[in-house]
Every structure is written in C-alpha cells, then in structure tokens.
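First up is the structure itself, then whatever we jot down about it.
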Amino acid sequence: MTEINFTAPEYQSDQSLVDVEYLFSGTQDDGWQIYRRGDPWLELGPGYVPVKTLYCGICSTDLA
C-alpha cells in the first residue's frame with residue numbers, strides 16, 4: 001500500500017487561498033482512498049496513477 005501526503009492551496013468562496021492537507025492511500029491495482037483534512041473525500045477504482053504536478057491554474061470560468 002502506498003501513501004501520498006501533500007498540502008495544496010484551495011480556493012475559497014471569499015477569494016482567499018487556504019492550505020489543505022490531502023492523503024492518497026492505495027495502489028494502481030487496488031484503487032485509491034483520498035482523504036481531505038483527515039476525512040474520507042473520494043474513492044477511485046483500479047487503474048489510476050498519481051502524477052506529480054508542479055503548477056496549476058484556475059480558469060476564470062471556474063471562478064464564475
């Protein structure tokens with residue numbers, strides 16, 4: 001079982017950014033449990049592969 005921990009800035013409705021902790025636990029063969037702030041948040045089935053991202057943008061239509 002692999003565990004991936006990271007903190008990512010998350011956009012808030014008041015236009016601020018808050019650092020949020022995430023944990024991915026699982027494998028490509030078994031699927032992944034994703035936790036946000038320690039609580040179960042999302043479950044992915046087999047076949048997903050984590051990819052390290054260095055930068056990400058927010059589209060203006062996402063903010064609308």
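We label chains A, B, ... in the order they appear in the structure tokens, count residues from 1 in each chain, and number ligands from 1 in the order shown.
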Write out as a PyMOL selection string each polymer residue whose atoms come within 10 Å of segment 12-27 of chain A, counting only C-alpha atoms; drop sequence neighbours fewer than 5 positions from it.
chain A and resi 1-7+32-50+63
Strand (DSSP E) positions in chain A, given as a PDB file with N, CA, C and O atoms, in the first residue's frame:
```pdb
ATOM      1  N   THR A   2       0.558   2.179  -0.832  1.00  0.00           N
ATOM      2  CA  THR A   2       1.301   3.430  -0.938  1.00  0.00           C
ATOM      3  C   THR A   2       0.496   4.546  -0.287  1.00  0.00           C
ATOM      4  O   THR A   2      -0.723   4.593  -0.418  1.00  0.00           O
ATOM      5  N   GLU A   3       1.191   5.452   0.415  1.00  0.00           N
ATOM      6  CA  GLU A   3       0.539   6.635   0.974  1.00  0.00           C
ATOM      7  C   GLU A   3       1.253   7.873   0.452  1.00  0.00           C
ATOM      8  O   GLU A   3       2.485   7.950   0.486  1.00  0.00           O
ATOM      9  N   ILE A   4       0.476   8.815  -0.051  1.00  0.00           N
ATOM     10  CA  ILE A   4       0.998  10.070  -0.566  1.00  0.00           C
ATOM     11  C   ILE A   4       0.356  11.194   0.229  1.00  0.00           C
ATOM     12  O   ILE A   4      -0.872  11.335   0.228  1.00  0.00           O
ATOM     13  N   ASN A   5       1.161  11.979   0.923  1.00  0.00           N
ATOM     14  CA  ASN A   5       0.682  13.119   1.714  1.00  0.00           C
ATOM     15  C   ASN A   5       1.134  14.400   1.048  1.00  0.00           C
ATOM     16  O   ASN A   5       2.283  14.499   0.614  1.00  0.00           O
ATOM     17  N   PHE A   6       0.259  15.374   0.974  1.00  0.00           N
ATOM     18  CA  PHE A   6       0.662  16.681   0.475  1.00  0.00           C
ATOM     19  C   PHE A   6      -0.317  17.743   0.949  1.00  0.00           C
ATOM     20  O   PHE A   6      -1.428  17.449   1.373  1.00  0.00           O
ATOM     21  N   THR A   7       0.131  18.968   0.889  1.00  0.00           N
ATOM     22  CA  THR A   7      -0.705  20.120   1.204  1.00  0.00           C
ATOM     23  C   THR A   7      -0.833  20.949  -0.060  1.00  0.00           C
ATOM     24  O   THR A   7       0.155  21.170  -0.766  1.00  0.00           O
ATOM     25  N   ALA A   8      -2.052  21.391  -0.351  1.00  0.00           N
ATOM     26  CA  ALA A   8      -2.298  22.175  -1.561  1.00  0.00           C
ATOM     27  C   ALA A   8      -3.160  23.380  -1.228  1.00  0.00           C
ATOM     28  O   ALA A   8      -4.080  23.280  -0.416  1.00  0.00           O
ATOM     29  N   PRO A   9      -2.889  24.538  -1.855  1.00  0.00           N
ATOM     30  CA  PRO A   9      -3.752  25.694  -1.654  1.00  0.00           C
ATOM     31  C   PRO A   9      -5.108  25.440  -2.310  1.00  0.00           C
ATOM     32  O   PRO A   9      -5.183  24.916  -3.411  1.00  0.00           O
ATOM     33  N   GLU A  10      -6.157  25.744  -1.591  1.00  0.00           N
ATOM     34  CA  GLU A  10      -7.517  25.518  -2.090  1.00  0.00           C
ATOM     35  C   GLU A  10      -8.260  26.851  -2.122  1.00  0.00           C
ATOM     36  O   GLU A  10      -8.302  27.572  -1.125  1.00  0.00           O
ATOM     37  N   TYR A  11      -8.818  27.172  -3.267  1.00  0.00           N
ATOM     38  CA  TYR A  11      -9.531  28.435  -3.457  1.00  0.00           C
ATOM     39  C   TYR A  11     -10.837  28.434  -2.669  1.00  0.00           C
ATOM     40  O   TYR A  11     -11.588  27.468  -2.725  1.00  0.00           O
ATOM     41  N   LEU A  17      -7.058  31.856  -0.416  1.00  0.00           N
ATOM     42  CA  LEU A  17      -6.496  30.519  -0.550  1.00  0.00           C
ATOM     43  C   LEU A  17      -6.177  29.979   0.837  1.00  0.00           C
ATOM     44  O   LEU A  17      -5.618  30.683   1.672  1.00  0.00           O
ATOM     45  N   VAL A  18      -6.547  28.719   1.074  1.00  0.00           N
ATOM     46  CA  VAL A  18      -6.284  28.055   2.349  1.00  0.00           C
ATOM     47  C   VAL A  18      -5.531  26.762   2.049  1.00  0.00           C
ATOM     48  O   VAL A  18      -5.925  26.005   1.158  1.00  0.00           O
ATOM     49  N   ASP A  19      -4.437  26.512   2.784  1.00  0.00           N
ATOM     50  CA  ASP A  19      -3.709  25.252   2.619  1.00  0.00           C
ATOM     51  C   ASP A  19      -4.514  24.108   3.220  1.00  0.00           C
ATOM     52  O   ASP A  19      -4.955  24.186   4.366  1.00  0.00           O
ATOM     53  N   VAL A  20      -4.709  23.048   2.430  1.00  0.00           N
ATOM     54  CA  VAL A  20      -5.498  21.891   2.848  1.00  0.00           C
ATOM     55  C   VAL A  20      -4.635  20.632   2.711  1.00  0.00           C
ATOM     56  O   VAL A  20      -3.946  20.457   1.711  1.00  0.00           O
ATOM     57  N   GLU A  21      -4.672  19.768   3.730  1.00  0.00           N
ATOM     58  CA  GLU A  21      -3.909  18.522   3.711  1.00  0.00           C
ATOM     59  C   GLU A  21      -4.704  17.409   3.037  1.00  0.00           C
ATOM     60  O   GLU A  21      -5.898  17.242   3.291  1.00  0.00           O
ATOM     61  N   TYR A  22      -4.016  16.651   2.176  1.00  0.00           N
ATOM     62  CA  TYR A  22      -4.595  15.513   1.484  1.00  0.00           C
ATOM     63  C   TYR A  22      -3.755  14.272   1.743  1.00  0.00           C
ATOM     64  O   TYR A  22      -2.546  14.362   1.945  1.00  0.00           O
ATOM     65  N   LEU A  23      -4.396  13.118   1.727  1.00  0.00           N
ATOM     66  CA  LEU A  23      -3.721  11.828   1.821  1.00  0.00           C
ATOM     67  C   LEU A  23      -4.332  10.911   0.783  1.00  0.00           C
ATOM     68  O   LEU A  23      -5.562  10.744   0.736  1.00  0.00           O
ATOM     69  N   PHE A  24      -3.486  10.353  -0.081  1.00  0.00           N
ATOM     70  CA  PHE A  24      -3.908   9.319  -1.030  1.00  0.00           C
ATOM     71  C   PHE A  24      -3.369   8.006  -0.490  1.00  0.00           C
ATOM     72  O   PHE A  24      -2.180   7.886  -0.229  1.00  0.00           O
ATOM     73  N   SER A  25      -4.221   7.020  -0.347  1.00  0.00           N
ATOM     74  CA  SER A  25      -3.807   5.726   0.179  1.00  0.00           C
ATOM     75  C   SER A  25      -4.329   4.633  -0.756  1.00  0.00           C
ATOM     76  O   SER A  25      -5.529   4.569  -1.032  1.00  0.00           O
ATOM     77  N   GLY A  26      -3.412   3.782  -1.263  1.00  0.00           N
ATOM     78  CA  GLY A  26      -3.839   2.702  -2.145  1.00  0.00           C
ATOM     79  C   GLY A  26      -2.753   2.333  -3.129  1.00  0.00           C
ATOM     80  O   GLY A  26      -1.579   2.621  -2.937  1.00  0.00           O
ATOM     81  N   THR A  27      -3.188   1.713  -4.230  1.00  0.00           N
ATOM     82  CA  THR A  27      -2.287   1.318  -5.315  1.00  0.00           C
ATOM     83  C   THR A  27      -3.025   1.434  -6.639  1.00  0.00           C
ATOM     84  O   THR A  27      -4.257   1.519  -6.674  1.00  0.00           O
ATOM     85  N   GLY A  31      -6.895   0.542  -6.373  1.00  0.00           N
ATOM     86  CA  GLY A  31      -7.663   1.780  -6.285  1.00  0.00           C
ATOM     87  C   GLY A  31      -7.145   2.643  -5.139  1.00  0.00           C
ATOM     88  O   GLY A  31      -6.221   2.261  -4.417  1.00  0.00           O
ATOM     89  N   TRP A  32      -7.743   3.815  -4.979  1.00  0.00           N
ATOM     90  CA  TRP A  32      -7.260   4.810  -4.031  1.00  0.00           C
ATOM     91  C   TRP A  32      -8.372   5.337  -3.145  1.00  0.00           C
ATOM     92  O   TRP A  32      -9.474   5.584  -3.612  1.00  0.00           O
ATOM     93  N   GLN A  33      -8.047   5.523  -1.880  1.00  0.00           N
ATOM     94  CA  GLN A  33      -8.892   6.255  -0.945  1.00  0.00           C
ATOM     95  C   GLN A  33      -8.245   7.630  -0.800  1.00  0.00           C
ATOM     96  O   GLN A  33      -7.045   7.720  -0.542  1.00  0.00           O
ATOM     97  N   ILE A  34      -9.016   8.679  -0.963  1.00  0.00           N
ATOM     98  CA  ILE A  34      -8.480  10.027  -0.843  1.00  0.00           C
ATOM     99  C   ILE A  34      -9.133  10.699   0.356  1.00  0.00           C
ATOM    100  O   ILE A  34     -10.361  10.705   0.485  1.00  0.00           O
ATOM    101  N   TYR A  35      -8.281  11.232   1.227  1.00  0.00           N
ATOM    102  CA  TYR A  35      -8.738  11.910   2.440  1.00  0.00           C
ATOM    103  C   TYR A  35      -8.396  13.389   2.337  1.00  0.00           C
ATOM    104  O   TYR A  35      -7.307  13.758   1.899  1.00  0.00           O
ATOM    105  N   ARG A  36      -9.324  14.233   2.729  1.00  0.00           N
ATOM    106  CA  ARG A  36      -9.132  15.686   2.756  1.00  0.00           C
ATOM    107  C   ARG A  36      -9.325  16.139   4.196  1.00  0.00           C
ATOM    108  O   ARG A  36     -10.379  15.878   4.784  1.00  0.00           O
ATOM    109  N   ASP A  39     -10.569  13.470   6.623  1.00  0.00           N
ATOM    110  CA  ASP A  39     -11.879  12.841   6.403  1.00  0.00           C
ATOM    111  C   ASP A  39     -11.939  12.200   5.023  1.00  0.00           C
ATOM    112  O   ASP A  39     -11.392  12.748   4.060  1.00  0.00           O
ATOM    113  N   PRO A  40     -12.621  11.042   4.888  1.00  0.00           N
ATOM    114  CA  PRO A  40     -12.784  10.439   3.565  1.00  0.00           C
ATOM    115  C   PRO A  40     -13.438  11.444   2.610  1.00  0.00           C
ATOM    116  O   PRO A  40     -14.384  12.132   2.967  1.00  0.00           O
ATOM    117  N   TRP A  41     -12.871  11.560   1.395  1.00  0.00           N
ATOM    118  CA  TRP A  41     -13.355  12.564   0.467  1.00  0.00           C
ATOM    119  C   TRP A  41     -13.735  11.977  -0.882  1.00  0.00           C
ATOM    120  O   TRP A  41     -14.720  12.353  -1.478  1.00  0.00           O
ATOM    121  N   LEU A  42     -12.931  11.006  -1.378  1.00  0.00           N
ATOM    122  CA  LEU A  42     -13.156  10.465  -2.712  1.00  0.00           C
ATOM    123  C   LEU A  42     -12.563   9.067  -2.780  1.00  0.00           C
ATOM    124  O   LEU A  42     -11.563   8.778  -2.111  1.00  0.00           O
ATOM    125  N   GLU A  43     -13.165   8.219  -3.585  1.00  0.00           N
ATOM    126  CA  GLU A  43     -12.651   6.870  -3.799  1.00  0.00           C
ATOM    127  C   GLU A  43     -12.492   6.652  -5.298  1.00  0.00           C
ATOM    128  O   GLU A  43     -13.420   6.906  -6.063  1.00  0.00           O
ATOM    129  N   LEU A  44     -11.291   6.207  -5.703  1.00  0.00           N
ATOM    130  CA  LEU A  44     -11.015   5.925  -7.107  1.00  0.00           C
ATOM    131  C   LEU A  44     -10.779   4.442  -7.291  1.00  0.00           C
ATOM    132  O   LEU A  44     -10.092   3.822  -6.488  1.00  0.00           O
TER     133      LEU A  44
END
```
Please identify the alpha helix (DSSP H) residues within chain A (assignment by DSSP from backbone atoms) and present them as number ranges by chain.
A: 60-63
